[in-house]
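Okay, so here's the structure we're looking at.
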Amino acid sequence: MAEIVSAPAHAAARPVGLLRAASAILWKDVAAEWRSREIVSGMAVFGLLVLLLFHFTLELEVQRQPSLTAGAVWVALAFAGTLGLSRSLAREIDRGSLDGLLLAPADRSAIFFGKMGANLLFVWLAAAILLPVTSVLYNVPLLQPAVIGIVALGTLGYVSIGTLLSAMAAQARTRELLLPILLFPIIVPLLVAGAKATEAVLAGLAWAGLAPWVNIMLAFDGIFLSAAWMVFEYVVEE
Amino acid sequence: MIEAHGLVKTYAGRLALRGVDVRAAAGEIVAIAGPNGAGKTTLLRILASLARPSAGSVRIAGMELPGQGPAVRRRIGFLSHSPLVYPDLSGEENLSFYGRLYGIPNMRERVVLGLRAAGLEDVGRDPVRSYSRGMQQRLGLTRALLHAPSVLLLDEPYANLDTEGRESLDRTLRIFAEEGGCVLMTSHDLDRLEGVADRVEGMALGRMERPARIGLKVRHG
């Protein structure tokens with residue numbers, strides 16, 4: 001062990017920028033997920049079950065009702081995303097490895113951006129499975145650039161605030177219960193805007209019909225992202 | 001190199017530290033012994049900038065916490081009960097991750113050196129979950145030393161190590177101190193602490209105490 005102590009001094013750490021530290025954390029989460037395949041597969045299966053439940057219980061001719069399809073997709077994404085979000089920080093806390101991230105010589109908001117980036121990627125991967133299945137199941141053309149853009153935009157705000165709240169909930173004994181209770185009331189405007197924007201695309205409305213909902217999503221993305229960025233450091237510190 | 005004055009820490013109205021003063025100089029190995037609940041871990045977590053004190057001041061390598069947190073953390077190597085490694089990643093991937101996180105310039109070289117130093121070069125590509133607890137602890141110590149820190153904060157570092165591992169750790173700490181590093185460590189293993197430390201301090205009920213006052217019989221302190 002002594003060899004590593006006696007190594008040349010130029011090995012000493014340098015100041016680490018926010019982007020560099022965040023990308024290291026993102027890489028680590030993606031590599032760990034690639035090995036375990038716990039989060040994305042869990043989210044995709046749960047999301048599919050939600051979509052199937054909607055499909056069988058409503059028994060409506062949903063292809064004529066874009067609002068139902070859009071609502072089902074967004075509810076499935078929100079439910080499935082919660083599974084992944086609840087594991088994100090909880091795994092770090094359970095195995096004590098959050099301290100390893102907090103010890104990094106970087107601004108602690110790098111942990112937020114690294115974790116948020118990984119969560120966003122996992123939600124997008126789950127969405128990449130859910131959207132084609134919904135298209136087939138509900139017989140609606142969801143695989144179009146506008147819908148994909150709306151999903152990407154809506155999930156950005158959802159994952160931003162979800163990452164912050166998962167860090168808060170992860171330190172509680174009842175975290176599985178706490179996260180959805182904290183998260184769902186806050187994201188209602190974002191979910192409604194996402195569903196309405198998706199519905200507008202499916203109904204073939206022009207940009208004028210879509211723009212108000214996209215603007216709402218942009219506003220909430222900005223609010224959630226900046227609020228989470230500012231508060232995260234105080235949440236993860238003791 | 002480590003200077004802490006009047007540290008107080010309150011958790012939910014309970015005092016974990018009641019005005020603790022600690023000093024450790026460059027080239028010195030200082031050990032803190034005491035019963036469970038004495039506040040040793042809380043003290044190390046504050047010095048590592050993992051927790052904020054309710055009152056008091058901390059200076060590490062001439063820099064103040066929490067104000068200069070990132071610069072201080074660059075100079076600290078920390079090992080706790082947990083080795084802070086990821087079971088789904090290999091030993092090599094774990095060290096590479098921390099290398100990136102610390103911005104180590106010659107990372108590849110340090111990772112190879114670290115694995116060899118920890119005696120893990122043959123299993124470096126295996127997932128850490130397949131390692132024994134002792135191997136994980138050695139990997140954790142390598143992680144703590146990877147970025148060439150000047151201060152080592154070790155909380156029960158001998159836990160999970162076999163006799164050979166303990167002796168290797170002692171040798172490492174002595175070399176680290178000889179090269180100008182500063183070590184502050186806690187352990188229940190008083191005999192082991194006395195064998196390696198320059199000074200042994202006692203701690204009980206959130207206060208620093210003379211070891212003899214809390215029933216610890218030390219040869220020097």
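As shown in the structure tokens, the chain order sets the letters A, B, ...; within each chain, residues go from 1, and ligands are also counted from 1 in the order they appear.
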Legend entry - Spatial neighbours of Thr155 (chain A), max dist 9 Å, only C-alpha atoms, sep filter under 4 positions, as a ChimeraX atom specification: /A:77-78,81,120,123-124,150-151,159-160,190,194,221
Legend entry - Long-range neighbours of Ile148 (chain A) as a list in words, 10 Å cut-off, only C-alpha atoms, 3 positions minimum in chain: Trp124, Ala127, Ala128, Leu131, Leu142, Leu143, Gln144, Pro145, Val151, Ala152, Leu153, Gly154 and Thr198 of chain A
Legend entry - Contact residues (chain B, partner chain A, 6 Å, only C-alpha atoms) as a count of residues only: 16
Inset, instruction - From a DSSP calculation on the backbone, collect every residue of region 5-82 of chain B in strand (DSSP E) and output the set as a PyMOL selection string. - result: chain B and resi 5-11+14-24+29-33+55-60+63-65+76-79
Inset, instruction - Could you jot down the CA of Ile29 (chain B) to CA of Glu179 (chain B) separation for me, Å, one decimal place? - result: 11.9 Å
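Proximity to Gly42 (chain A) at 8 Å, evaluated using only C-alpha atoms and with sequence-adjacent residues fewer than 5 positions away removed, yields Ala80, Leu83 and Gly84 of chain A.
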Export, as a PDB file, in the first residue's frame, the selected residues with N, CA, C and O atoms.
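The new file selection_6.pdb reads:
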ATOM      1  N   ALA A  80     -43.681   5.527 -13.621  1.00  0.00           N
ATOM      2  CA  ALA A  80     -42.458   4.745 -13.867  1.00  0.00           C
ATOM      3  C   ALA A  80     -41.222   5.532 -13.436  1.00  0.00           C
ATOM      4  O   ALA A  80     -40.305   4.979 -12.811  1.00  0.00           O
ATOM      5  N   LEU A  83     -40.162   5.349  -9.785  1.00  0.00           N
ATOM      6  CA  LEU A  83     -39.394   4.158  -9.378  1.00  0.00           C
ATOM      7  C   LEU A  83     -37.893   4.417  -9.494  1.00  0.00           C
ATOM      8  O   LEU A  83     -37.127   4.126  -8.579  1.00  0.00           O
ATOM      9  N   GLY A  84     -37.486   4.949 -10.635  1.00  0.00           N
ATOM     10  CA  GLY A  84     -36.069   5.210 -10.858  1.00  0.00           C
ATOM     11  C   GLY A  84     -35.541   6.300  -9.942  1.00  0.00           C
ATOM     12  O   GLY A  84     -34.461   6.172  -9.356  1.00  0.00           O
TER      13      GLY A  84
END
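Nearest residue to Ile2 (chain B) among B:Gly34, B:Gly181, B:Pro157, B:Pro127 is B:Gly181, counting only C-alpha atoms.
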Legend entry - Two-atom distance - CA of Val196 (chain B), CA of Thr42 (chain B) (Å): 22.6 Å
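Residues in contact with Ala204 (chain B) at up to 6 Å, not including ones fewer than 2 positions away on its chain and judged by only C-alpha atoms, are B:Gly34, B:Ala38, B:Gly206, B:Arg207.
Taking only C-alpha atoms, the non-local environment of Val133 (chain A) within 12 Å (same-chain residues fewer than 6 positions away omitted) comprises Ala44, Val45, Gly47, Leu48, Leu49, Val50, Leu51, Leu52, His55, Thr69, Val73, Ala76, Ala126, Ala127, Asn139, Val140, Pro141, Leu142 and Leu143 of chain A.
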Inset, instruction - Mind giving me the straight-line distance from CA of Leu141 (chain B) to CA of Met107 (chain B) in Å, one decimal? - result: 16.4 Å
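Restricting the calculation to only C-alpha atoms, the smallest distance between Asn119 (chain A) and any of A:Ala208, A:Ile216, A:Met43, A:Ala146 is found for A:Met43.
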Legend entry - For Leu191 (chain A): contacts at 8 Å, only C-alpha atoms, fewer than 4 positions along chain excluded, given as number ranges by chain: A: 74-75, 154, 187, 195
Since we have the selection now, will you write its residues out, keeping all heavy atoms, as a tab-separated table (two decimals), in the first residue's frame?
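Okay, out_2.tsv is ready:
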chain	number	residue	atom	x	y	z
A	74	TRP	N	-48.50	10.13	-20.14
A	74	TRP	CA	-47.83	10.97	-19.13
A	74	TRP	C	-47.96	10.39	-17.72
A	74	TRP	O	-47.02	10.48	-16.93
A	74	TRP	CB	-48.36	12.41	-19.21
A	74	TRP	CG	-47.67	13.14	-20.32
A	74	TRP	CD1	-48.11	13.28	-21.59
A	74	TRP	CD2	-46.38	13.74	-20.28
A	74	TRP	NE1	-47.19	13.95	-22.36
A	74	TRP	CE2	-46.11	14.25	-21.57
A	74	TRP	CE3	-45.43	13.91	-19.29
A	74	TRP	CZ2	-44.92	14.91	-21.88
A	74	TRP	CZ3	-44.24	14.57	-19.60
A	74	TRP	CH2	-44.00	15.06	-20.88
A	75	VAL	N	-49.12	9.80	-17.42
A	75	VAL	CA	-49.26	9.18	-16.10
A	75	VAL	C	-48.30	7.98	-15.99
A	75	VAL	O	-47.63	7.79	-14.97
A	75	VAL	CB	-50.72	8.75	-15.84
A	75	VAL	CG1	-50.83	7.86	-14.62
A	75	VAL	CG2	-51.60	9.99	-15.66
A	154	GLY	N	-40.87	17.85	-21.15
A	154	GLY	CA	-41.63	17.64	-19.91
A	154	GLY	C	-40.84	16.84	-18.89
A	154	GLY	O	-40.86	17.15	-17.69
A	187	ILE	N	-45.74	18.37	-9.57
A	187	ILE	CA	-45.59	18.24	-11.03
A	187	ILE	C	-46.91	18.26	-11.79
A	187	ILE	O	-46.92	18.11	-13.01
A	187	ILE	CB	-44.79	16.97	-11.41
A	187	ILE	CG1	-45.47	15.71	-10.89
A	187	ILE	CG2	-43.35	17.05	-10.95
A	187	ILE	CD1	-45.08	14.45	-11.61
A	195	ALA	N	-49.49	16.58	-21.19
A	195	ALA	CA	-50.61	15.82	-21.78
A	195	ALA	C	-51.35	16.66	-22.81
A	195	ALA	O	-51.71	16.18	-23.89
A	195	ALA	CB	-51.53	15.36	-20.66
